[in-house]
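Structure first, commentary second.
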Amino acid sequence: MEHYLIHNTLSYPILSVLVIVPLLGAGVTLFLKGDHAIKAWGLLVTLVTAALSVPLYTNWDFGTSRYQFAEVTEWFPFLSLNYVVGVDGISVLLVLLTTFVMPLCVLCSWTYIKDRFKEFILVTLLMETAMIGVFVSLNTVLFFIFWEAMLVPMYLLIAVWGGERKDYASIKFFLYTLLGSIFLLVSIVALFIKTGTFFIPELMAHEYSFSFQMWIFLAFTLAFAIKIPMFPFHTWLPAAHVEAPVAGSVILASILLKMGGYGFLRFCLPMAPAATVYCVPYLIFFSVVSIVVGGYLALGQSDIKKLIAYSSVGHMGFVTLGIFLLSDDGIKGAMMQMLNHGVTTGALFILVGIIYERTHSREIDKNSALGMAMPVYVTYLVIFSLASFGFPGTNGFIGEFLVLMGTFKTHLVAGGFAILGAILAAAYMLRLVQKMVWADSDGHGHHDDHGDDHGHGDGDHHALFDLNMREIGTLTFLVCFVFWIGLNPKPLMDVMDASVTQLLHQVGDGMKSIPGGEHGSGHHAALMDMGRQIREWVAMR
Amino acid sequence: MSLFLPELALTLMAMVFFFLSIGKPRASTLKGSALALSALALVISFHTFQLVMGKPAELMFFDAYRIDIFSQMFKIVFCLGLFIVIFLGEGLKGVSEELRAEFYMFLTLSTLGLVLLVSSVELLTMVISLEISSFSLYVIIPFRFQSGYRKQMEAGIKYVMFGALATGISLYGMSYLFGYTHTTYLARLAPVLPEMIKTQPLMVVALILLLGSFFYKLAMFPMHFWAPDVYEGASNETAGFIATLPKVGAVALLLRLVSFAGVELNQITGILATFAVLSMVIGNLSALVQEDLKRLLAYSSIAHAGYVMVAILCVSVMGYASAVYYIAGYLIMNLACFYVIYHVSKNGDNVTLSDLKGLYKNSPLLALTLVLGAFGMAGLPPTVGFMGKFFIFTSAIQKSLYALVIITVINAGISAYYYLRMVRAAFLTSEDEASVIPLNAAAYALGVFFIATILGMGIFPQVFMDFAKMAAGTIL
């Protein structure tokens with residue numbers, strides 16, 4: 001076990017602390033009184049967690065693919081179950097994303113959440129514990145416990161503070177995710193029976209027969225395809241996004257969806273490499289369908305949140321497309337796309353929350369022509385919209401570009417459709433920006449809303465006040481990321497470099513157990529060819 | 001003799017209430033003595049457990065009664081369950097005032113029957129213990145007092161009829177066993193049965209018939225029909241008892257008896273697996289549409305019987321230990337739900353899902369207990385329900401029971417929906433301003449106990465699994 005890990009050398013057990021601080025913070029919340037104190041406490045806890053996570057980057061060892069900052073404690077010796085945490089180049093970025101997004105979730109709910117603030121902070125902090133736990137667990141049972149533990153707080157976030165159809169949306173979210181995770185549990189147990197360990201790196205190193213790989217690959221893929229979500233399992237997402245409160249949407253978009261991608265990278269690829277390669281054509285097909293369908297559906301939405309929700313389906317299609325290219329560009333692009341989507345879409349949901357607080361409507365038509373009334377707001381809106389469809393110079397460009405580049409190298413047709421998706425993204429985002437910033441093309445706009453029952457005054461622009469300092473601070477922080485990643489992605493790419501190489505190495509090695517002949521020689525030859533290419537590439541490094 | 005103390009303590013308790021029932025004791029006297037005596041029984045059962053730890057099993061009463069770690073551990077669970085049931089329903093809102101002493105007496109007698117049951121290793125002793133337990137329950141189901149409410153009569157009759165039928169079936173099965181083997185002692189049956197099952201098809205029938213009355217106690221297919229009506233008709237306190245302790249007893253006996261069928265798959269395990277699957281499917285699908293909370297829990301218990309059966313069918317130490325762990329966790333989770341029902345119900349009437357509305361505002365502690373109880377039974381981590389399911393899956397996959405695991409998994413998914421309905425009802429609807437539910441310090445402490453136990457057993461399962469494994473080791 002030890003040669004997979006680099007033990008934590010910091011003065012405090014950083015990963016456990018990151019998991020426990022929000023949990024303790026949640027416990028303390030129970031005893032606090034007064035909304036302001038609770039808000040301040042929630043912000044403090046998330047900020048402290050973010051600050052405590054900084055050494056993950058500053059003390060990062062770039063040259064290794066081993067799991068860093070690891071801690072091992074005996075937990076349940078009966079089944080040789082240990083508490084093992086550690087991060088590699090893939091998970092560390094997602095941990096950092098989580099710790100930095102969570103303070104923003106508290107900030108953007110400052111006035112949006114009106115009642116039950118104590119419970120809101122409680123649930124949000126529990127969510128943070130569970131999410132960090134998922135990314136740092138190196139033990140499948142621990143991973144699963146955190147994975148499932150997310151379900152209840154997220155359900156409550158939607159169900160208690162959600163919109164009109166919160167019942168429907170929260171139950172749909174819950175049942176969909178639960179269905180996937182039950183299969184996850186079965187594969188975890190099956191892997192244990194096969195190998196006698198729950199330790200993830202050992203499970204990756206083990207060789208499985210092809211048929212066994214196929215079974216666990218299908219079970220894992222179902223769980224992660226629901227989570228990410230990939231067409232045709234995407235229908236829970238728009239419902240959940242639309243009904244969730246702004247912090248819920250941000251958590252969903254920025255972090256929860258990433259767990260699907262993380263799961264593919266952590267479980268499917270290294271543990272079932274031969275099955276992965278065998279299924280690549282189908283998964284690429286579904287990824288491309290996700291991209292195009294997500295784009296088309298977004299194009300037709302009149303609700304801003306729904307539009308962004310469907311755009312997420314498209315963006316996550318790029319993530320799965322990148323992952324299943326099984327190439328360096330593809331996986332790095334997918335990782336970048338995940339981080340960028342976390343920043344950009346999170347910001348877009350915050351923007352929707354801000355405008356919803358002012359006009360009490362998420363309809364595009366009722367929020368049109370804001371340019372004059374809210375110049376600062378629309379500036380941010382434009383920046384994040386550009387980033388969302390991958391405008392060069394913004395962060396969105398890096399991920400999509402890498403993925404597309406990788407796609408065109410090997411899958412020309414898929415690349416063509418993915419480009420179509422990118423164009424659609426530009427179309428719906430620009431349509432959104434055009435309507436929200438300038439008036440409707442037919443001359444009607446905001447002024448049509450006189451006397452409607454949404455009650456945002458008389459629809460007069462003067463009733464709309466522009467952003468306050470809290471909102472500007474939140475958004476500016478994210479804008480920094482947009483341009484930092486957009487102009488200088490190298491630091492992030494360096495962090496994941498060694499781990500991605502190691503991952504491809506595992507996939508290349510695993511190709512050996514593809515059975516010969518039985519699937520038709522042509523297909524088989526193509527698979528072996530792909531395996532050889534990956535191995536050659538890894539050897540070159 | 002000191003090993004027989006838990007039984008004696010319970011007998012003493014029953015006698016005390018018998019004498020109390022003659023006079024007109026005050027409610028506080030009754031409540032106090034019930035709590036004190038059941039606590040005494042609990043302490044004594046712990047004591048005898050320590051006495052048998054690490055020692056070989058001891059036989060009593062012409063070898064018909066066996067005291068080992070397995071039996072003593074279940075006795076602790078029974079005494080604990082009795083204590084919780086008494087503690088939980090301390091106000092006895094659903095039982096008419098003049099019958100309360102009798103209520104406690106019969107509750108104790110029923111527990112005594114179960115305590116005798118887990119130690120009996122002879123068929124007739126088993127039948128008698130089982131009947132002591134059942135007859136007491138037949139009596140207390142109609143005790144429910146509520147003006148204009150008549151369903152307790154229907155429930156009582158149903159329970160008696162089904163119970164009589166189940167006992168008859170069991171005795172019929174036993175007659176075959178006796179006819180073939182000329183013995184009623186399990187110790188003498190065990191060595192010959194596996195061979196006989198292979199050569200004599202009738203032995204399969206006999207054994208399945210014998211198990212009939214345990215299926216009845218466990219509310220497992222095909223003897224599950226009584227559960228929803230009895231739960232609904234009985235008072236909340238009684239239903240809390242019926243829903244938990246007899247099931248634990250049934251599991252204990254099933255663990256003893258199924259190992260006879262041999263460790264390899266044969267017709268008996270095939271039939272039992274079919275029953276388990278049907279139990280899960282029927283229980284879960286019927287629970288989906290229930291509005292009455294007790295009926296919902298009844299159907300969910302039918303499904304849980306199926307899950308436990310999967311663990312029992314593993315016939316391995318791990319599988320048996322999982323079954324013990326799971327049923328102990330189930331006892332706590334189910335009692336937690338009944339605790340919520342008891343406090344939500346006004347004047348002891350039944351609670352529907354819509355009565356839970358606004359529970360979160362009226363009593364956050366009850367809402368949290370309900371969340372943990374319901375999600376625990378749905379199998380979400382980090383609760384005891386998750387760990388239990390995890391152990392069951394692990395032991396079943398070890399035994400290559402893949403089909404059973406997949407069916408269980410799908411059922412767990414279906415069940416999540418109705419548990420979620422319970423939680424949703426408690427959390428989501430807040431428009432009507434119902435009154436705050438008052439909880440005294442004792443009730444508050446009980447709620448905290450439930451929460452702590454459900455989480456504690458889930459996060460630190462090692463301690464409990466060690467004991468469960470030790471117990472499983474003594475009967476395999």
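We label chains A, B, ... in the order they appear in the structure tokens, count residues from 1 in each chain, and number ligands from 1 in the order shown.
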
For chain A, list the residues within 10 Å of chain B, counting only C-alpha atoms, and write the list as a ChimeraX atom specification. /A:75-79,141-142,144-152,155-156,159-161,166-167,170-172,174-183,185-186,188-190,192-194

Do you know which residues are at most 12 Å from A:Lys114 counting only C-alpha atoms, after dropping those on the same chain fewer than 6 positions away, and could you put them as a ChimeraX atom specification? /A:35-36,39,120,160-162,245,357

When you look at A:Ser287 with a cut-off of 7 Å (counting only C-alpha atoms), what residues show up, excluding the ones that are within fewer than 2 positions of it in the same chain? I need them as a list of chain:residue names.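 Surrounding residues, per the criterion: A:Met230, A:Leu283, A:Ile284, A:Phe285, A:Val289, A:Ser290, A:Ile291, A:Gly317, A:Phe318, A:Thr320, A:Leu321.
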
Compare B:Ile141, B:Leu296, B:Ala323, B:Leu313 by their minimum atom-to-atom distance to B:Ala471, counting only C-alpha atoms, and give me the closest one. B:Ala323

So that I can check the surroundings of stretch 408-423 of chain A, please list as a PyMOL selection string every protein, DNA and RNA residue that reaches within 12 Å of it, counting only C-alpha atoms and ignoring chain neighbours fewer than 6 positions away. chain A and resi 280-299+310-322+324-330+386+388-391+396-397+399-402+429-430+526+530+533

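Excluding B:Lys55 and any residue on its chain fewer than 6 positions from it, the residues at most 12 Å away by only C-alpha atoms are Thr48, Phe49, Ile67, Asp68, Ile69, Phe70, Met470 and Thr474 of chain B.
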
Show which residues sit within 8 Å of B:Phe162, as a ChimeraX atom specification. Count only C-alpha atoms, and ignore same-chain residues fewer than 4 positions away. /B:158,166,216,223,226

Suppose we keep N, CA and C atoms; can you now write the selection as an mmCIF file, in the first residue's frame?
```cif
data_model
loop_
_atom_site.group_PDB
_atom_site.id
_atom_site.type_symbol
_atom_site.label_atom_id
_atom_site.label_comp_id
_atom_site.auth_asym_id
_atom_site.auth_seq_id
_atom_site.Cartn_x
_atom_site.Cartn_y
_atom_site.Cartn_z
ATOM 1 N N LYS B 158 -57.392 -11.161 13.171
ATOM 2 C CA LYS B 158 -56.498 -11.567 12.076
ATOM 3 C C LYS B 158 -55.219 -12.161 12.628
ATOM 4 N N ALA B 166 -50.361 -20.609 11.333
ATOM 5 C CA ALA B 166 -48.914 -20.770 11.214
ATOM 6 C C ALA B 166 -48.419 -21.845 12.155
ATOM 7 N N TYR B 216 -44.205 -16.339 9.696
ATOM 8 C CA TYR B 216 -45.340 -15.572 10.214
ATOM 9 C C TYR B 216 -44.858 -14.487 11.161
ATOM 10 N N MET B 223 -46.376 -15.652 4.551
ATOM 11 C CA MET B 223 -47.174 -15.478 5.763
ATOM 12 C C MET B 223 -47.182 -14.011 6.182
ATOM 13 N N TRP B 226 -50.960 -10.573 7.409
ATOM 14 C CA TRP B 226 -51.504 -9.943 8.595
ATOM 15 C C TRP B 226 -50.883 -8.586 8.879
#
```

Helix (DSSP H, G or I) positions in stretch 76-272 of chain A, given as a ChimeraX atom specification: /A:77-79,89-108,117-136,140-149,151-161,166-195,200-205,210-227,236-243,246-271

Near A:Ile485, counting only C-alpha atoms, which residues have an atom at most 9 Å away, once you skip same-chain residues fewer than 2 positions from it, shown as a PDB file with all heavy atoms, in the first residue's frame?
```pdb
ATOM      1  N   MET A 336      -9.628  20.351 -17.728  1.00  0.00           N
ATOM      2  CA  MET A 336      -9.712  21.814 -17.795  1.00  0.00           C
ATOM      3  C   MET A 336     -11.159  22.231 -17.971  1.00  0.00           C
ATOM      4  O   MET A 336     -11.634  23.188 -17.352  1.00  0.00           O
ATOM      5  CB  MET A 336      -8.860  22.357 -18.962  1.00  0.00           C
ATOM      6  CG  MET A 336      -7.381  22.210 -18.790  1.00  0.00           C
ATOM      7  SD  MET A 336      -6.775  22.848 -17.225  1.00  0.00           S
ATOM      8  CE  MET A 336      -6.977  24.586 -17.442  1.00  0.00           C
ATOM      9  N   ASN A 340     -13.184  24.742 -15.648  1.00  0.00           N
ATOM     10  CA  ASN A 340     -13.710  25.966 -16.241  1.00  0.00           C
ATOM     11  C   ASN A 340     -15.219  26.033 -16.116  1.00  0.00           C
ATOM     12  O   ASN A 340     -15.780  27.091 -15.833  1.00  0.00           O
ATOM     13  CB  ASN A 340     -13.336  26.042 -17.717  1.00  0.00           C
ATOM     14  CG  ASN A 340     -11.852  26.119 -17.875  1.00  0.00           C
ATOM     15  OD1 ASN A 340     -11.179  26.589 -16.973  1.00  0.00           O
ATOM     16  ND2 ASN A 340     -11.348  25.632 -18.980  1.00  0.00           N
ATOM     17  N   GLY A 393      -9.014  33.386 -25.081  1.00  0.00           N
ATOM     18  CA  GLY A 393      -8.573  34.316 -24.050  1.00  0.00           C
ATOM     19  C   GLY A 393      -9.275  34.077 -22.734  1.00  0.00           C
ATOM     20  O   GLY A 393      -8.789  34.478 -21.689  1.00  0.00           O
ATOM     21  N   THR A 394     -10.432  33.433 -22.790  1.00  0.00           N
ATOM     22  CA  THR A 394     -11.109  33.070 -21.546  1.00  0.00           C
ATOM     23  C   THR A 394     -10.820  31.606 -21.245  1.00  0.00           C
ATOM     24  O   THR A 394     -10.313  30.874 -22.095  1.00  0.00           O
ATOM     25  CB  THR A 394     -12.624  33.266 -21.657  1.00  0.00           C
ATOM     26  OG1 THR A 394     -13.105  32.368 -22.643  1.00  0.00           O
ATOM     27  CG2 THR A 394     -12.978  34.682 -22.011  1.00  0.00           C
ATOM     28  N   ASN A 395     -11.185  31.208 -20.046  1.00  0.00           N
ATOM     29  CA  ASN A 395     -10.859  29.849 -19.631  1.00  0.00           C
ATOM     30  C   ASN A 395     -11.591  28.797 -20.458  1.00  0.00           C
ATOM     31  O   ASN A 395     -11.059  27.729 -20.712  1.00  0.00           O
ATOM     32  CB  ASN A 395     -11.147  29.669 -18.141  1.00  0.00           C
ATOM     33  CG  ASN A 395     -12.603  29.916 -17.802  1.00  0.00           C
ATOM     34  OD1 ASN A 395     -13.356  30.415 -18.645  1.00  0.00           O
ATOM     35  ND2 ASN A 395     -13.000  29.586 -16.605  1.00  0.00           N
ATOM     36  N   GLY A 396     -12.807  29.100 -20.873  1.00  0.00           N
ATOM     37  CA  GLY A 396     -13.590  28.111 -21.600  1.00  0.00           C
ATOM     38  C   GLY A 396     -12.922  27.646 -22.871  1.00  0.00           C
ATOM     39  O   GLY A 396     -13.110  26.513 -23.322  1.00  0.00           O
ATOM     40  N   ILE A 398      -9.730  27.038 -23.421  1.00  0.00           N
ATOM     41  CA  ILE A 398      -8.636  26.070 -23.249  1.00  0.00           C
ATOM     42  C   ILE A 398      -9.167  24.635 -23.306  1.00  0.00           C
ATOM     43  O   ILE A 398      -8.673  23.801 -24.059  1.00  0.00           O
ATOM     44  CB  ILE A 398      -7.932  26.297 -21.891  1.00  0.00           C
ATOM     45  CG1 ILE A 398      -7.491  27.741 -21.756  1.00  0.00           C
ATOM     46  CG2 ILE A 398      -6.767  25.342 -21.719  1.00  0.00           C
ATOM     47  CD1 ILE A 398      -6.412  28.148 -22.701  1.00  0.00           C
ATOM     48  N   CYS A 480     -11.285  36.761 -12.170  1.00  0.00           N
ATOM     49  CA  CYS A 480      -9.838  36.550 -12.124  1.00  0.00           C
ATOM     50  C   CYS A 480      -9.492  35.157 -12.640  1.00  0.00           C
ATOM     51  O   CYS A 480      -8.552  34.979 -13.415  1.00  0.00           O
ATOM     52  CB  CYS A 480      -9.315  36.697 -10.701  1.00  0.00           C
ATOM     53  SG  CYS A 480      -9.487  38.349 -10.066  1.00  0.00           S
ATOM     54  N   PHE A 481     -10.288  34.180 -12.222  1.00  0.00           N
ATOM     55  CA  PHE A 481     -10.031  32.815 -12.671  1.00  0.00           C
ATOM     56  C   PHE A 481     -10.238  32.685 -14.171  1.00  0.00           C
ATOM     57  O   PHE A 481      -9.489  31.999 -14.856  1.00  0.00           O
ATOM     58  CB  PHE A 481     -10.939  31.831 -11.933  1.00  0.00           C
ATOM     59  CG  PHE A 481     -10.360  31.378 -10.642  1.00  0.00           C
ATOM     60  CD1 PHE A 481     -10.735  31.965  -9.455  1.00  0.00           C
ATOM     61  CD2 PHE A 481      -9.399  30.379 -10.626  1.00  0.00           C
ATOM     62  CE1 PHE A 481     -10.174  31.555  -8.270  1.00  0.00           C
ATOM     63  CE2 PHE A 481      -8.834  29.961  -9.436  1.00  0.00           C
ATOM     64  CZ  PHE A 481      -9.224  30.550  -8.249  1.00  0.00           C
ATOM     65  N   VAL A 482     -11.286  33.335 -14.661  1.00  0.00           N
ATOM     66  CA  VAL A 482     -11.585  33.248 -16.096  1.00  0.00           C
ATOM     67  C   VAL A 482     -10.361  33.654 -16.906  1.00  0.00           C
ATOM     68  O   VAL A 482      -9.950  32.943 -17.825  1.00  0.00           O
ATOM     69  CB  VAL A 482     -12.795  34.137 -16.448  1.00  0.00           C
ATOM     70  CG1 VAL A 482     -12.903  34.307 -17.952  1.00  0.00           C
ATOM     71  CG2 VAL A 482     -14.064  33.539 -15.885  1.00  0.00           C
ATOM     72  N   PHE A 483      -9.747  34.764 -16.525  1.00  0.00           N
ATOM     73  CA  PHE A 483      -8.632  35.235 -17.350  1.00  0.00           C
ATOM     74  C   PHE A 483      -7.327  34.552 -16.979  1.00  0.00           C
ATOM     75  O   PHE A 483      -6.470  34.323 -17.822  1.00  0.00           O
ATOM     76  CB  PHE A 483      -8.510  36.757 -17.251  1.00  0.00           C
ATOM     77  CG  PHE A 483      -9.653  37.428 -17.949  1.00  0.00           C
ATOM     78  CD1 PHE A 483     -10.596  38.141 -17.245  1.00  0.00           C
ATOM     79  CD2 PHE A 483      -9.796  37.322 -19.335  1.00  0.00           C
ATOM     80  CE1 PHE A 483     -11.663  38.738 -17.891  1.00  0.00           C
ATOM     81  CE2 PHE A 483     -10.862  37.911 -19.984  1.00  0.00           C
ATOM     82  CZ  PHE A 483     -11.793  38.622 -19.261  1.00  0.00           C
ATOM     83  N   LEU A 487      -5.497  32.722 -19.929  1.00  0.00           N
ATOM     84  CA  LEU A 487      -4.245  33.214 -20.493  1.00  0.00           C
ATOM     85  C   LEU A 487      -3.047  32.391 -20.067  1.00  0.00           C
ATOM     86  O   LEU A 487      -2.042  32.347 -20.765  1.00  0.00           O
ATOM     87  CB  LEU A 487      -4.041  34.685 -20.077  1.00  0.00           C
ATOM     88  CG  LEU A 487      -5.155  35.615 -20.573  1.00  0.00           C
ATOM     89  CD1 LEU A 487      -4.984  37.008 -20.017  1.00  0.00           C
ATOM     90  CD2 LEU A 487      -5.175  35.655 -22.107  1.00  0.00           C
ATOM     91  N   ASN A 488      -3.138  31.739 -18.907  1.00  0.00           N
ATOM     92  CA  ASN A 488      -1.972  31.008 -18.428  1.00  0.00           C
ATOM     93  C   ASN A 488      -2.408  29.698 -17.785  1.00  0.00           C
ATOM     94  O   ASN A 488      -2.371  29.541 -16.578  1.00  0.00           O
ATOM     95  CB  ASN A 488      -1.222  31.894 -17.406  1.00  0.00           C
ATOM     96  CG  ASN A 488       0.021  31.213 -16.904  1.00  0.00           C
ATOM     97  OD1 ASN A 488       0.552  30.316 -17.569  1.00  0.00           O
ATOM     98  ND2 ASN A 488       0.470  31.580 -15.714  1.00  0.00           N
ATOM     99  N   PRO A 489      -2.788  28.732 -18.594  1.00  0.00           N
ATOM    100  CA  PRO A 489      -3.278  27.473 -18.008  1.00  0.00           C
ATOM    101  C   PRO A 489      -2.163  26.548 -17.551  1.00  0.00           C
ATOM    102  O   PRO A 489      -2.425  25.514 -16.977  1.00  0.00           O
ATOM    103  CB  PRO A 489      -4.061  26.837 -19.155  1.00  0.00           C
ATOM    104  CG  PRO A 489      -3.401  27.367 -20.374  1.00  0.00           C
ATOM    105  CD  PRO A 489      -2.885  28.734 -20.054  1.00  0.00           C
ATOM    106  N   LYS A 490      -0.909  26.922 -17.831  1.00  0.00           N
ATOM    107  CA  LYS A 490       0.179  25.975 -17.593  1.00  0.00           C
ATOM    108  C   LYS A 490       0.274  25.469 -16.149  1.00  0.00           C
ATOM    109  O   LYS A 490       0.465  24.269 -15.947  1.00  0.00           O
ATOM    110  CB  LYS A 490       1.509  26.603 -18.027  1.00  0.00           C
ATOM    111  CG  LYS A 490       2.642  25.591 -18.053  1.00  0.00           C
ATOM    112  CD  LYS A 490       3.833  26.106 -18.795  1.00  0.00           C
ATOM    113  CE  LYS A 490       4.936  25.066 -18.864  1.00  0.00           C
ATOM    114  NZ  LYS A 490       5.281  24.485 -17.576  1.00  0.00           N
ATOM    115  N   PRO A 491       0.158  26.353 -15.137  1.00  0.00           N
ATOM    116  CA  PRO A 491       0.275  25.827 -13.770  1.00  0.00           C
ATOM    117  C   PRO A 491      -0.701  24.691 -13.492  1.00  0.00           C
ATOM    118  O   PRO A 491      -0.308  23.684 -12.892  1.00  0.00           O
ATOM    119  CB  PRO A 491      -0.053  27.035 -12.895  1.00  0.00           C
ATOM    120  CG  PRO A 491       0.207  28.214 -13.738  1.00  0.00           C
ATOM    121  CD  PRO A 491      -0.029  27.805 -15.149  1.00  0.00           C
ATOM    122  N   LEU A 492      -1.925  24.820 -13.950  1.00  0.00           N
ATOM    123  CA  LEU A 492      -2.907  23.774 -13.688  1.00  0.00           C
ATOM    124  C   LEU A 492      -2.575  22.515 -14.475  1.00  0.00           C
ATOM    125  O   LEU A 492      -2.683  21.394 -13.983  1.00  0.00           O
ATOM    126  CB  LEU A 492      -4.308  24.256 -14.035  1.00  0.00           C
ATOM    127  CG  LEU A 492      -4.822  25.412 -13.203  1.00  0.00           C
ATOM    128  CD1 LEU A 492      -6.246  25.761 -13.608  1.00  0.00           C
ATOM    129  CD2 LEU A 492      -4.783  25.065 -11.727  1.00  0.00           C
TER     130      LEU A 492
END
```

Tell me which of B:Val448, B:Leu3, B:Leu359, B:Val384 sits closest to B:Ala425, counting only C-alpha atoms.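 The closest residue to B:Ala425 is B:Leu359.
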